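Peer 1: protein.cif is the file, holding mmCIF, C-alpha atoms:
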data_my_file
#
loop_
_atom_site.label_atom_id
_atom_site.label_comp_id
_atom_site.auth_asym_id
_atom_site.auth_seq_id
_atom_site.Cartn_x
_atom_site.Cartn_y
_atom_site.Cartn_z
CA MET A 1 -2.87 132.41 33.73
CA THR A 2 -3.62 135.76 32.07
CA VAL A 3 -3.93 138.92 34.13
CA ALA A 4 -7.63 139.15 33.25
CA ALA A 5 -8.25 135.58 34.42
CA ARG A 6 -6.29 136.21 37.58
CA ASN A 7 -8.22 139.36 38.38
CA SER A 8 -11.49 137.46 38.12
CA ILE A 9 -10.44 135.52 41.21
CA PRO A 10 -10.86 137.78 44.24
CA ALA A 11 -8.03 136.30 46.31
CA LEU A 12 -5.61 136.76 43.40
CA ALA A 13 -6.59 140.27 42.37
CA GLY A 14 -3.95 142.67 43.51
CA LEU A 15 -1.28 140.08 44.21
CA ASP A 16 2.08 141.03 42.79
CA ASP A 17 5.19 139.09 41.83
CA LEU A 18 6.50 139.09 45.41
CA ASP A 19 3.23 137.63 46.73
CA ARG A 20 3.34 134.93 44.10
CA ALA A 21 6.99 134.17 44.80
CA ILE A 22 6.14 133.77 48.48
CA ILE A 23 3.17 131.48 47.79
CA ASN A 24 5.07 129.36 45.29
CA GLY A 25 8.27 129.25 47.29
CA LEU A 26 6.97 128.59 50.80
CA GLN A 27 4.62 125.72 49.98
CA GLY A 28 7.68 123.51 49.91
CA GLY A 29 8.93 124.64 53.31
CA PHE A 30 9.80 127.49 55.63
CA PRO A 31 13.26 127.83 57.18
CA VAL A 32 13.76 126.77 60.77
CA CYS A 33 16.52 129.09 62.01
CA ASP A 34 16.86 132.16 64.28
CA GLU A 35 15.49 134.71 61.79
CA PRO A 36 13.54 132.78 59.16
CA PHE A 37 11.69 135.77 57.64
CA ALA A 38 14.99 137.53 57.02
CA ALA A 39 16.35 134.32 55.44
CA VAL A 40 13.37 134.14 53.05
CA GLY A 41 13.68 137.87 52.33
CA ALA A 42 17.35 137.53 51.48
CA ASP A 43 16.41 135.11 48.68
CA LEU A 44 13.69 137.41 47.38
CA GLY A 45 15.54 140.71 47.67
CA VAL A 46 13.43 142.23 50.47
CA ASP A 47 13.77 142.44 54.24
CA GLY A 48 12.20 140.10 56.75
CA ASP A 49 9.51 142.55 57.85
CA GLU A 50 8.24 142.75 54.29
CA VAL A 51 7.98 138.95 54.05
CA ALA A 52 6.04 138.77 57.33
CA ALA A 53 3.72 141.61 56.24
CA ARG A 54 3.00 139.87 52.93
CA ILE A 55 2.18 136.57 54.63
CA GLU A 56 -0.11 138.40 57.06
CA ASN A 57 -1.94 139.98 54.12
CA LEU A 58 -2.20 136.69 52.17
CA LEU A 59 -3.80 135.08 55.21
CA ALA A 60 -6.17 138.05 55.61
CA VAL A 61 -7.36 138.00 51.98
CA GLY A 62 -7.86 134.24 52.06
CA ALA A 63 -5.17 133.20 49.58
CA LEU A 64 -3.56 131.17 52.35
CA SER A 65 -5.40 129.11 54.94
CA ARG A 66 -2.44 128.43 57.16
CA PHE A 67 1.13 129.30 57.92
CA GLY A 68 2.95 126.73 59.97
CA PRO A 69 3.01 122.97 60.35
CA LEU A 70 0.65 120.36 58.96
CA TYR A 71 0.65 117.38 61.28
CA HIS A 72 0.21 113.70 60.60
CA ALA A 73 -2.70 113.01 62.95
CA GLU A 74 -1.82 109.35 63.30
CA GLU A 75 1.68 110.18 64.53
CA LEU A 76 0.17 112.34 67.28
CA GLY A 77 -1.95 109.42 68.40
CA GLY A 78 -5.24 110.54 66.88
CA GLY A 79 -7.55 108.94 64.37
CA LEU A 80 -8.16 110.21 60.86
CA ALA A 81 -10.34 108.76 58.13
CA LEU A 82 -12.00 109.75 54.92
CA CYS A 83 -15.67 108.81 55.03
CA ALA A 84 -18.40 108.62 52.42
CA MET A 85 -22.19 108.43 52.51
CA LYS A 86 -24.89 107.78 49.94
CA VAL A 87 -27.48 110.42 50.75
CA PRO A 88 -30.86 110.57 49.00
CA GLU A 89 -31.04 113.86 47.11
CA ALA A 90 -34.14 115.04 48.97
CA ASP A 91 -32.45 114.56 52.34
CA PHE A 92 -29.13 116.05 51.39
CA ASP A 93 -29.35 119.41 53.18
CA ARG A 94 -30.71 117.88 56.36
CA VAL A 95 -27.99 115.23 56.44
CA ALA A 96 -25.28 117.80 55.66
CA ASP A 97 -26.42 119.87 58.66
CA GLN A 98 -26.47 116.80 60.90
CA VAL A 99 -23.03 115.64 59.80
CA ASN A 100 -21.44 119.09 60.01
CA ALA A 101 -22.71 119.51 63.57
CA PHE A 102 -20.13 116.93 64.67
CA PRO A 103 -16.92 118.70 65.74
CA GLU A 104 -14.92 115.69 64.50
CA VAL A 105 -16.00 116.39 60.91
CA ALA A 106 -13.74 118.46 58.66
CA HIS A 107 -13.61 119.03 54.94
CA ASN A 108 -17.10 118.01 53.95
CA TYR A 109 -17.57 118.01 50.17
CA ALA A 110 -20.51 117.10 47.96
CA ARG A 111 -19.43 115.01 44.98
CA ASP A 112 -21.40 114.02 41.91
CA HIS A 113 -21.71 110.27 42.45
CA ALA A 114 -24.04 107.85 44.23
CA PHE A 115 -21.56 108.30 47.08
CA ASN A 116 -22.33 111.99 47.20
CA MET A 117 -21.08 113.17 50.60
CA TRP A 118 -17.38 112.96 51.48
CA PHE A 119 -15.81 114.20 54.67
CA VAL A 120 -12.86 113.64 56.95
CA LEU A 121 -13.20 112.49 60.56
CA ALA A 122 -10.44 113.51 62.95
CA THR A 123 -10.64 112.13 66.48
CA GLU A 124 -8.53 112.14 69.65
CA THR A 125 -7.92 108.42 69.47
CA PRO A 126 -7.93 105.81 66.67
CA GLU A 127 -10.97 104.16 68.28
CA GLY A 128 -12.85 107.45 68.00
CA ILE A 129 -13.29 106.96 64.26
CA GLY A 130 -15.60 103.95 64.59
CA GLU A 131 -17.45 105.48 67.53
CA THR A 132 -18.06 108.78 65.76
CA ALA A 133 -19.08 107.06 62.53
CA GLY A 134 -21.59 105.07 64.60
CA ARG A 135 -23.01 108.24 66.14
CA ILE A 136 -23.37 109.82 62.70
CA GLU A 137 -25.15 106.70 61.45
CA ARG A 138 -27.60 106.83 64.35
CA ALA A 139 -28.19 110.57 63.86
CA THR A 140 -28.80 110.33 60.12
CA GLY A 141 -30.12 106.81 59.66
CA LEU A 142 -27.58 106.26 56.88
CA ARG A 143 -24.48 104.12 56.62
CA VAL A 144 -21.09 105.79 56.97
CA TYR A 145 -18.38 104.08 54.90
CA THR A 146 -15.04 104.72 56.57
CA MET A 147 -12.04 104.60 54.26
CA PRO A 148 -8.91 105.25 56.31
CA LYS A 149 -5.59 105.68 54.58
CA LEU A 150 -3.68 102.40 54.29
CA GLN A 151 -0.66 103.74 52.43
CA GLU A 152 0.41 107.16 51.27
CA PHE A 153 2.31 107.72 48.06
CA PHE A 154 4.65 110.62 47.73
CA VAL A 155 3.40 113.68 45.88
CA GLY A 156 4.62 117.25 45.89
CA LEU A 157 1.58 119.29 46.98
CA ARG A 158 2.03 122.66 45.31
CA PHE A 159 -0.28 125.07 43.58
CA GLU A 160 1.41 127.52 41.26
CA VAL A 161 -0.12 131.00 41.12
CA MET B 1 10.25 106.30 68.68
CA ALA B 2 7.60 107.53 71.12
CA LEU B 3 6.63 111.17 71.46
CA THR B 4 7.66 112.87 74.67
CA ASP B 5 5.63 115.40 76.66
CA ARG B 6 7.97 118.06 75.34
CA ASP B 7 7.23 117.04 71.72
CA ARG B 8 3.52 117.34 72.38
CA ARG B 9 3.90 120.69 74.13
CA LEU B 10 5.82 122.04 71.16
CA ALA B 11 3.32 120.67 68.65
CA ALA B 12 0.48 122.30 70.59
CA ALA B 13 2.30 125.63 70.93
CA ILE B 14 2.65 125.95 67.18
CA GLU B 15 -0.67 124.44 66.08
CA ASP B 16 -2.32 127.77 65.29
CA GLY B 17 0.55 128.79 63.07
CA LEU B 18 3.85 130.54 63.29
CA PRO B 19 3.80 134.06 64.79
CA LEU B 20 4.72 136.80 62.31
CA VAL B 21 7.57 138.25 64.32
CA GLU B 22 11.28 138.51 63.67
CA ARG B 23 12.17 135.52 65.85
CA PRO B 24 9.08 133.31 65.74
CA TYR B 25 10.77 130.27 67.25
CA ALA B 26 11.78 132.28 70.31
CA GLU B 27 8.14 133.28 70.77
CA ILE B 28 6.95 129.68 70.37
CA GLY B 29 9.56 128.76 72.96
CA ALA B 30 8.17 131.33 75.40
CA ARG B 31 4.73 129.70 75.04
CA ALA B 32 6.04 126.17 75.49
CA GLY B 33 8.64 126.86 78.18
CA LEU B 34 11.53 126.09 75.82
CA SER B 35 14.50 128.05 74.54
CA GLU B 36 14.70 129.15 70.92
CA ASP B 37 17.37 126.52 70.24
CA GLU B 38 15.23 123.82 71.83
CA VAL B 39 12.32 124.80 69.59
CA ILE B 40 14.49 124.69 66.47
CA ALA B 41 15.90 121.28 67.43
CA GLY B 42 12.45 120.07 68.50
CA LEU B 43 10.84 121.00 65.18
CA ALA B 44 13.56 119.15 63.29
CA ARG B 45 12.86 116.14 65.49
CA LEU B 46 9.09 116.31 64.88
CA ARG B 47 9.78 116.45 61.16
CA ASP B 48 12.16 113.50 61.30
CA LEU B 49 9.60 111.52 63.32
CA GLY B 50 7.01 112.18 60.62
CA VAL B 51 4.73 114.14 62.98
CA ILE B 52 5.12 117.27 60.88
CA LYS B 53 4.15 116.44 57.37
CA ARG B 54 4.70 119.86 55.84
CA PHE B 55 5.89 123.14 57.21
CA GLY B 56 5.22 126.34 55.31
CA VAL B 57 2.25 128.05 53.72
CA VAL B 58 -0.96 126.21 52.89
CA VAL B 59 -2.93 127.71 50.02
CA ARG B 60 -6.69 127.89 49.71
CA HIS B 61 -6.65 126.21 46.32
CA HIS B 62 -10.27 127.05 45.60
CA GLU B 63 -9.70 130.76 46.26
CA LEU B 64 -6.59 130.63 44.08
CA GLY B 65 -8.59 129.57 41.06
CA TYR B 66 -8.27 125.77 41.26
CA ARG B 67 -12.01 125.34 41.00
CA ALA B 68 -12.10 121.84 39.57
CA ASN B 69 -11.22 119.39 42.27
CA ALA B 70 -11.58 115.74 41.35
CA MET B 71 -11.14 112.63 43.39
CA VAL B 72 -10.11 109.91 40.97
CA VAL B 73 -10.65 106.40 42.27
CA TRP B 74 -9.24 103.21 40.76
CA ASP B 75 -9.89 99.51 41.21
CA VAL B 76 -6.34 98.17 41.17
CA PRO B 77 -5.23 94.56 41.71
CA ASP B 78 -3.65 94.50 45.17
CA ASP B 79 -0.22 93.49 43.90
CA ARG B 80 -0.06 96.51 41.57
CA VAL B 81 -1.19 99.25 43.98
CA ALA B 82 2.27 100.31 45.13
CA ASP B 83 3.71 100.59 41.62
CA LEU B 84 0.74 102.53 40.39
CA GLY B 85 0.61 104.85 43.41
CA ASN B 86 4.25 105.71 42.86
CA CYS B 87 3.64 106.31 39.17
CA PHE B 88 0.65 108.64 39.81
CA GLY B 89 2.63 110.59 42.41
CA LYS B 90 5.16 111.67 39.79
CA PHE B 91 2.69 113.98 38.06
CA ASP B 92 2.47 117.61 39.20
CA PHE B 93 -1.30 117.76 38.97
CA VAL B 94 -1.74 114.82 41.37
CA THR B 95 -1.86 116.43 44.79
CA LEU B 96 -2.58 113.39 46.97
CA CYS B 97 -2.41 109.67 46.39
CA TYR B 98 -3.57 107.12 48.96
CA ARG B 99 -4.36 103.46 49.15
CA ARG B 100 -7.65 102.89 51.00
CA PRO B 101 -9.80 99.83 51.75
CA ARG B 102 -12.48 98.67 49.32
CA ARG B 103 -15.99 98.50 50.79
CA LEU B 104 -17.43 95.65 48.78
CA PRO B 105 -19.85 95.23 47.21
CA ASP B 106 -20.77 98.94 47.18
CA TRP B 107 -17.33 100.45 46.73
CA PRO B 108 -14.71 98.56 44.68
CA TYR B 109 -12.00 101.23 44.53
CA ASN B 110 -8.76 100.99 46.49
CA LEU B 111 -6.48 103.69 45.06
CA PHE B 112 -7.46 107.35 45.41
CA CYS B 113 -5.78 110.38 43.95
CA MET B 114 -6.74 114.03 43.97
CA VAL B 115 -6.35 116.04 40.80
CA HIS B 116 -6.77 119.82 41.04
CA GLY B 117 -7.15 121.99 37.98
CA ARG B 118 -8.65 125.27 36.89
CA ALA B 119 -11.36 123.65 34.75
CA ARG B 120 -13.11 120.27 34.54
CA GLU B 121 -12.02 119.64 30.95
CA THR B 122 -8.39 120.10 31.94
CA VAL B 123 -8.79 117.69 34.82
CA LEU B 124 -10.37 115.05 32.59
CA GLU B 125 -7.50 115.39 30.11
CA GLN B 126 -5.03 115.06 32.97
CA VAL B 127 -6.74 111.88 34.19
CA GLU B 128 -6.59 110.39 30.70
CA PHE B 129 -2.94 111.35 30.42
CA LEU B 130 -2.30 109.74 33.79
CA ALA B 131 -3.98 106.48 32.78
CA ARG B 132 -2.02 106.33 29.51
CA SER B 133 1.29 107.28 31.07
CA CYS B 134 1.03 104.68 33.80
CA GLY B 135 -0.35 102.04 31.41
CA VAL B 136 -3.71 101.53 33.13
CA THR B 137 -6.32 102.63 30.60
CA ASP B 138 -7.89 99.17 31.11
CA LEU B 139 -8.45 99.60 34.86
CA ARG B 140 -11.88 100.60 36.10
CA HIS B 141 -11.87 104.11 37.48
CA GLU B 142 -14.23 107.00 38.18
CA VAL B 143 -13.77 110.76 38.45
CA LEU B 144 -15.76 112.41 41.26
CA PHE B 145 -15.87 116.18 40.97
CA SER B 146 -16.66 118.20 44.04
CA GLY B 147 -19.67 120.45 44.16
CA THR B 148 -20.55 122.40 47.29
CA ARG B 149 -17.92 122.66 49.94
CA PHE B 150 -19.72 122.64 53.27
CA LYS B 151 -16.88 122.78 55.66
CA GLN B 152 -13.18 123.33 55.28
CA ARG B 153 -11.17 123.58 58.39
CA GLY B 154 -8.81 121.49 60.40
CA ALA B 155 -10.48 119.46 63.11
CA ARG B 156 -9.07 119.85 66.59
CA TYR B 157 -8.39 117.63 69.50
CA ARG B 158 -10.69 118.61 72.30
CA ARG B 159 -7.85 118.41 74.77
CA GLY B 160 -6.19 121.25 72.97
CA GLU B 161 -3.53 119.09 71.42
CA ALA B 162 -2.17 119.75 68.01
CA ARG B 163 -4.39 120.55 65.09
CA LYS B 164 -4.88 117.86 62.51
CA GLU B 165 -5.61 118.48 58.92
CA ALA B 166 -6.16 116.17 56.06
CA ALA B 167 -5.42 117.85 52.83
CA GLU B 168 -8.48 116.43 51.25
#
For this file, write the structure as structure tokens.

Peer 2:
Amino acid sequence: MTVAARNSIPALAGLDDLDRAIINGLQGGFPVCDEPFAAVGADLGVDGDEVAARIENLLAVGALSRFGPLYHAEELGGGLALCAMKVPEADFDRVADQVNAFPEVAHNYARDHAFNMWFVLATETPEGIGETAGRIERATGLRVYTMPKLQEFFVGLRFEV
Amino acid sequence: MALTDRDRRLAAAIEDGLPLVERPYAEIGARAGLSEDEVIAGLARLRDLGVIKRFGVVVRHHELGYRANAMVVWDVPDDRVADLGNCFGKFDFVTLCYRRPRRLPDWPYNLFCMVHGRARETVLEQVEFLARSCGVTDLRHEVLFSGTRFKQRGARYRRGEARKEAAE
């Protein structure tokens, strides 16, 4: 990406090579040892305090959403499912408000398709998925199509900056 | 292997992220009533058990300029799903690839992959490249671009257990 293009994106404006090296390098993993920031810094030619300060800033400016573990909900005993709804255009805002009011709903996206509302349900128990989907159906009057993951294929989730 | 109370305590202690201090695992240990060494061993165990899927930084891809986010869905014969899922996963621009149930007759698609790019045209080219490379230009598929993002956050257990996120 050119500098001009990068500067048009607020979260990227002002990031330097060290910030980018941290973002690109730590998506794959963070060391688990006594002094992990120092270990990362040693690879990048700075001290551990600098690495920690950069991560703090990247979180503050919104380039990063999280620093730490991402859990597999199913392994912790919870339920997780992608869900879709076909919402009439005129009702879309109302239904979005109703759906988003459920604390179990995360990551709600509009998509350009007859199935135009897509969100993730995360519940304490596997049974919670069906129960919550049922409550959303009763609240909105629309069917919720649950599409839980059956099999995951390996991908390397990385975004180069 | 079943999770122990200690595993759950550790997962909960670290759910909001790693503290930005010199010895973060010692601090996590202080919260969970564990020593630094126990935390380090415990995190390795949670990773080996598959509870921790990734450990590091998570980017806000939208804020980083990946504005075109497409869910590409395919109607794949059941006996070819695994081969195709593994083929799709080899491409850098595919960020997730899952098999999911069809919901017939309304929804015929059973293989989902996410393709993130900086522009829609790029994403469409990537999808075409994917179909050609994996030899499935004949399979029915659709590309669903995202519009408004209403909510992006990890949902939480109400009991205060570990945070769950789906990288959707």

Peer 1: Would you please work out which residue, of A:Asp34, A:Asp17, A:Asp43, A:Glu89, is nearest to chain B when using all atoms listed in the file?

Peer 2: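 Residue with the minimum atom-to-atom distance to chain B: A:Asp34.
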
Peer 1: Compare B:Ala13, B:Val21, B:Ala68, B:Ala41 by their minimum atom-to-atom distance to His116 in chain B, counting all atoms listed in the file, and give me the closest one.

Peer 2: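 Smallest distance to His116 in chain B is found for B:Ala68.
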
Peer 1: For CA of Gln27 in chain A and CA of Gly56 in chain B, determine how far apart the two atoms are, in Å to one decimal place.

Peer 2: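 Here the two named atoms are 5.4 Å from each other.
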
Peer 1: Run through the PyMOL selection byres ((chain B and resi 73-79) around 10) on the given coordinates and return the selected residues as a PyMOL selection string.

Peer 2: chain B and resi 70-72+80-85+97-100+102+107-114+136+139-144

Peer 1: How far is it from CA of Ser35 in chain B to CA of Ala38 in chain A, in Å with one decimal?

Peer 2: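 The value is 19.9 Å.
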
Peer 1: Would you mind telling me which residue in A:Arg143, A:Arg94, A:His113, A:His72 lies nearest to Leu46 in chain B when using all atoms listed in the file?

Peer 2: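 Nearest candidate to Leu46 in chain B out of A:Arg143, A:Arg94, A:His113, A:His72: A:His72.
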
Peer 1: By how many Å are CA of Thr132 in chain A and CA of Pro88 in chain A apart?

Peer 2: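 Going from CA of Thr132 in chain A over to CA of Pro88 in chain A covers 21.2 Å.
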